[in-house]
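Colleague: Mind looking over this structure? Questions follow.
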Amino acid sequence: MLKHLFGNPLHLVLGQAAVAAAAAMLVVLLARKRGIHLESEVLIAMIRGLLQIIAVGSILVLLLKGPRWTGGLLLAAMIMAAGATSARRAKGIPGAYTVSTWAIASGAGSVIAIMTWLGVIDSAITSLVPVGSMLIANAMNTNGLALNRIRADVLAHVGEIETALALGADPNVSVSPYVQAAFESSLIPAIDSVRSLGIVWIPGLMAGMLLSGARPLYAAIYQFVVLAMIFASSGLTSLVSTLFIRARIFTSAGQLMLQPGR
């Protein structure tokens, strides 16, 4: 993947990380010239992500040697953290964290549980946690996209929605087109990943299996299995999230709470 990454001394690895971070910040600076300000968000995200992955890596060394039940606790913690992260894309919508957490738990959590029960995912912590984290992370991203799209569309069509409400339309019906559009757009990355598998990109899991000596057919099929599980967990998460978040947009009296400037 990265040239000689695992054989390099620490200072060279840190240098590679610095170069990669500089490339990311260069894009942010180019965006700034067009009036798009992402400097603080991206910088904080990269620093936080680096520190988190270092800390988690150290903890995983211990957890992966522990009993199998610790894998479930670790995945549950990941789900709660994922809910908090994706809920930030729904500013102004009350209960976004609760909806996000339950949606990810319903989507990724149920797929992980069913696939483990069926034997598709090995219940050993060394397999359950890495695969489960992929499903949770993709469900988080899908949920964030759905919430962000719903919020943006509702704020852009406040007049139409309030007109429909004034004419007696049911609140759910008044936002139905935006909920549907949010669900469809949130699944674009997952669909494109499956569609471009092996043509546009070769996933790291498959490459790792091939390098470890696995047969190409076995590695390819297992990679497809993982992507199919990612789509299932992401799709179910988005369905649950968009179903329940629309009720949070309105008051108990059916008034639209999301308003520009609030």
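The chains in the structure tokens are called A, B, ... from first to last as shown; in each chain the residues are counted from 1, and the ligands are counted from 1 in the order shown.
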Please identify all polymer residues within 8 Å of region 166-172 of chain A, counting only C-alpha atoms, omitting same-chain residues fewer than 4 positions from it, and present them as a list in words.
Modeller: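 Counting only the stated atoms, we get Glu162, Ser176, Arg246, Ala247, Phe250 and Gly254 of chain A.
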Colleague: Write to file, as a tab-separated table (two decimals), in the first residue's frame, the residues of the selection just made, with N, CA and C atoms.
Modeller:
```
chain	number	residue	atom	x	y	z
A	162	GLU	N	-44.18	24.77	4.64
A	162	GLU	CA	-45.16	25.46	5.47
A	162	GLU	C	-46.45	25.75	4.70
A	176	SER	N	-41.79	14.32	2.68
A	176	SER	CA	-41.52	13.01	2.08
A	176	SER	C	-40.54	13.06	0.91
A	246	ARG	N	-37.49	12.46	10.63
A	246	ARG	CA	-38.49	13.39	10.11
A	246	ARG	C	-39.51	13.78	11.16
A	247	ALA	N	-39.74	12.89	12.11
A	247	ALA	CA	-40.66	13.23	13.20
A	247	ALA	C	-40.06	14.28	14.13
A	250	PHE	N	-40.58	18.35	13.36
A	250	PHE	CA	-41.82	19.06	13.68
A	250	PHE	C	-42.10	19.03	15.18
A	254	GLY	N	-47.30	19.84	14.95
A	254	GLY	CA	-47.11	19.76	13.51
A	254	GLY	C	-46.48	20.98	12.89
```
Colleague: So which residues touch His157 (chain A) within 12 Å, counting only C-alpha atoms, skipping near sequence neighbours fewer than 4 positions away, as a list in words?
Modeller: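 The neighbour list is Ile150, Arg151, Ala152, Asp153, Ile161, Glu162, Thr163, Ala164, Ser174, Val175, Pro177, Tyr178, Leu256, Leu258, Gln259 and Pro260 of chain A.
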Colleague: Pull C-alpha atoms from the residues just selected and write them as a PDB file, in the first residue's frame.
Modeller:
```pdb
ATOM      1  CA  ILE A 150     -32.476  16.198   4.982  1.00  0.00           C
ATOM      2  CA  ARG A 151     -31.434  19.260   6.951  1.00  0.00           C
ATOM      3  CA  ALA A 152     -30.224  21.115   3.860  1.00  0.00           C
ATOM      4  CA  ASP A 153     -33.291  20.274   1.764  1.00  0.00           C
ATOM      5  CA  ILE A 161     -43.317  22.837   3.422  1.00  0.00           C
ATOM      6  CA  GLU A 162     -45.163  25.465   5.473  1.00  0.00           C
ATOM      7  CA  THR A 163     -47.532  26.106   2.582  1.00  0.00           C
ATOM      8  CA  ALA A 164     -48.355  22.406   2.420  1.00  0.00           C
ATOM      9  CA  SER A 174     -44.825  17.510   3.360  1.00  0.00           C
ATOM     10  CA  VAL A 175     -41.197  16.377   3.804  1.00  0.00           C
ATOM     11  CA  PRO A 177     -39.719  14.041  -1.159  1.00  0.00           C
ATOM     12  CA  TYR A 178     -36.735  15.334   0.830  1.00  0.00           C
ATOM     13  CA  LEU A 256     -41.819  23.020  11.355  1.00  0.00           C
ATOM     14  CA  LEU A 258     -36.098  23.814  11.320  1.00  0.00           C
ATOM     15  CA  GLN A 259     -35.873  27.430  10.203  1.00  0.00           C
ATOM     16  CA  PRO A 260     -33.072  29.383   8.475  1.00  0.00           C
TER      17      PRO A 260
END
```
Colleague: Can you tell me which residues surround Ile125 (chain A) at a distance of at most 7 Å, considering only C-alpha atoms, apart from same-chain residues fewer than 3 positions away, and format the answer as an NGL selection string?
Modeller: :A and (64 or 68 or 71 or 128-129)
Colleague: Just C-alpha atoms for this one: save the residues we selected as a PDB file, in the first residue's frame.
Modeller:
```
ATOM      1  CA  LEU A  64      -7.559  -8.710  20.755  1.00  0.00           C
ATOM      2  CA  ARG A  68     -14.665 -13.015  22.929  1.00  0.00           C
ATOM      3  CA  GLY A  71     -15.510  -7.709  21.223  1.00  0.00           C
ATOM      4  CA  LEU A 128     -15.313  -9.656  14.640  1.00  0.00           C
ATOM      5  CA  VAL A 129     -13.855  -6.281  15.637  1.00  0.00           C
TER       6      VAL A 129
END
```
Colleague: Work out how far CA of Ile36 (chain A) is from CA of Thr101 (chain A), in Å to one decimal.
Modeller: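 That distance, rounded to one decimal, is 29.7 Å.
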Colleague: If you count only C-alpha atoms, which residues fall within 10 Å of Ala113 (chain A), apart from same-chain ones fewer than 3 positions away, as a VMD selection string?
Modeller: chain A and resid 72 108 to 110 116 to 119 121 123 128 132
Colleague: I'd like to know which of A:Gln223, A:Ser106, A:Gln180, A:Ser133 is closest to Leu236 (chain A), using only C-alpha atoms.
Modeller: A:Ser106
Colleague: Could you please determine the separation between CA of Leu243 (chain A) and CA of Ala146 (chain A) in Å, to one decimal place?
Modeller: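 Computing the Euclidean distance for CA of Leu243 (chain A) and CA of Ala146 (chain A) yields 10.8 Å.
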Colleague: Give the alpha helix (DSSP H) residues of region 157-222 of chain A, as assigned by DSSP on the backbone, as a ChimeraX atom specification.
Modeller: /A:158-166,171-174,176-186,188-195,204-211,216-222
Colleague: Would you mind reading off the distance between CA of Val27 (chain A) and CA of Arg88 (chain A), one decimal, in Å?
Modeller: 22.7 Å
Colleague: Given only C-alpha atoms as the basis, pick out the residue of A:Leu38, A:Met46, A:Met78, A:Val173 nearest to Ala20 (chain A).
Modeller: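 Checking each candidate against Ala20 (chain A), we get A:Met46 as the closest.
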Colleague: Using only C-alpha atoms, determine which residues lie at most 12 Å from Pro189 (chain A), disregarding the query and same-chain residues fewer than 4 positions distant; provide the list as a PyMOL selection string.
Modeller: chain A and resi 138-139+141-143+145-146+183-185+193-197+227+230-231+234-235
Colleague: Would you save the residues of that selection, restricted to C-alpha atoms, as an mmCIF file, in the first residue's frame?
Modeller:
```cif
data_model
loop_
_atom_site.group_PDB
_atom_site.id
_atom_site.type_symbol
_atom_site.label_atom_id
_atom_site.label_comp_id
_atom_site.auth_asym_id
_atom_site.auth_seq_id
_atom_site.Cartn_x
_atom_site.Cartn_y
_atom_site.Cartn_z
ATOM 1 C CA ASN A 138 -19.757 3.006 6.770
ATOM 2 C CA ALA A 139 -23.141 3.101 8.510
ATOM 3 C CA ASN A 141 -20.980 7.923 7.067
ATOM 4 C CA THR A 142 -24.259 6.951 5.407
ATOM 5 C CA ASN A 143 -26.247 8.259 8.359
ATOM 6 C CA LEU A 145 -24.981 12.006 4.631
ATOM 7 C CA ALA A 146 -28.693 11.311 5.080
ATOM 8 C CA PHE A 183 -32.057 8.149 1.561
ATOM 9 C CA GLU A 184 -31.135 7.701 -2.091
ATOM 10 C CA SER A 185 -28.185 10.094 -2.001
ATOM 11 C CA SER A 193 -18.228 0.916 -4.206
ATOM 12 C CA VAL A 194 -19.944 -2.323 -5.193
ATOM 13 C CA ARG A 195 -20.289 -1.237 -8.817
ATOM 14 C CA SER A 196 -16.601 -0.286 -9.161
ATOM 15 C CA LEU A 197 -15.219 -3.254 -7.226
ATOM 16 C CA LEU A 227 -19.056 -4.966 0.643
ATOM 17 C CA ILE A 230 -21.551 -2.824 4.241
ATOM 18 C CA PHE A 231 -24.365 -2.000 1.833
ATOM 19 C CA SER A 234 -25.652 1.243 5.540
ATOM 20 C CA GLY A 235 -29.006 0.891 3.814
#
```
Colleague: For a quick check of understanding, using only C-alpha atoms, which of A:Ser100, A:Val13, A:Val120, A:Met140 has the smallest distance to Val225 (chain A)?
Modeller: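 The answer is A:Val120, which sits nearest to Val225 (chain A).
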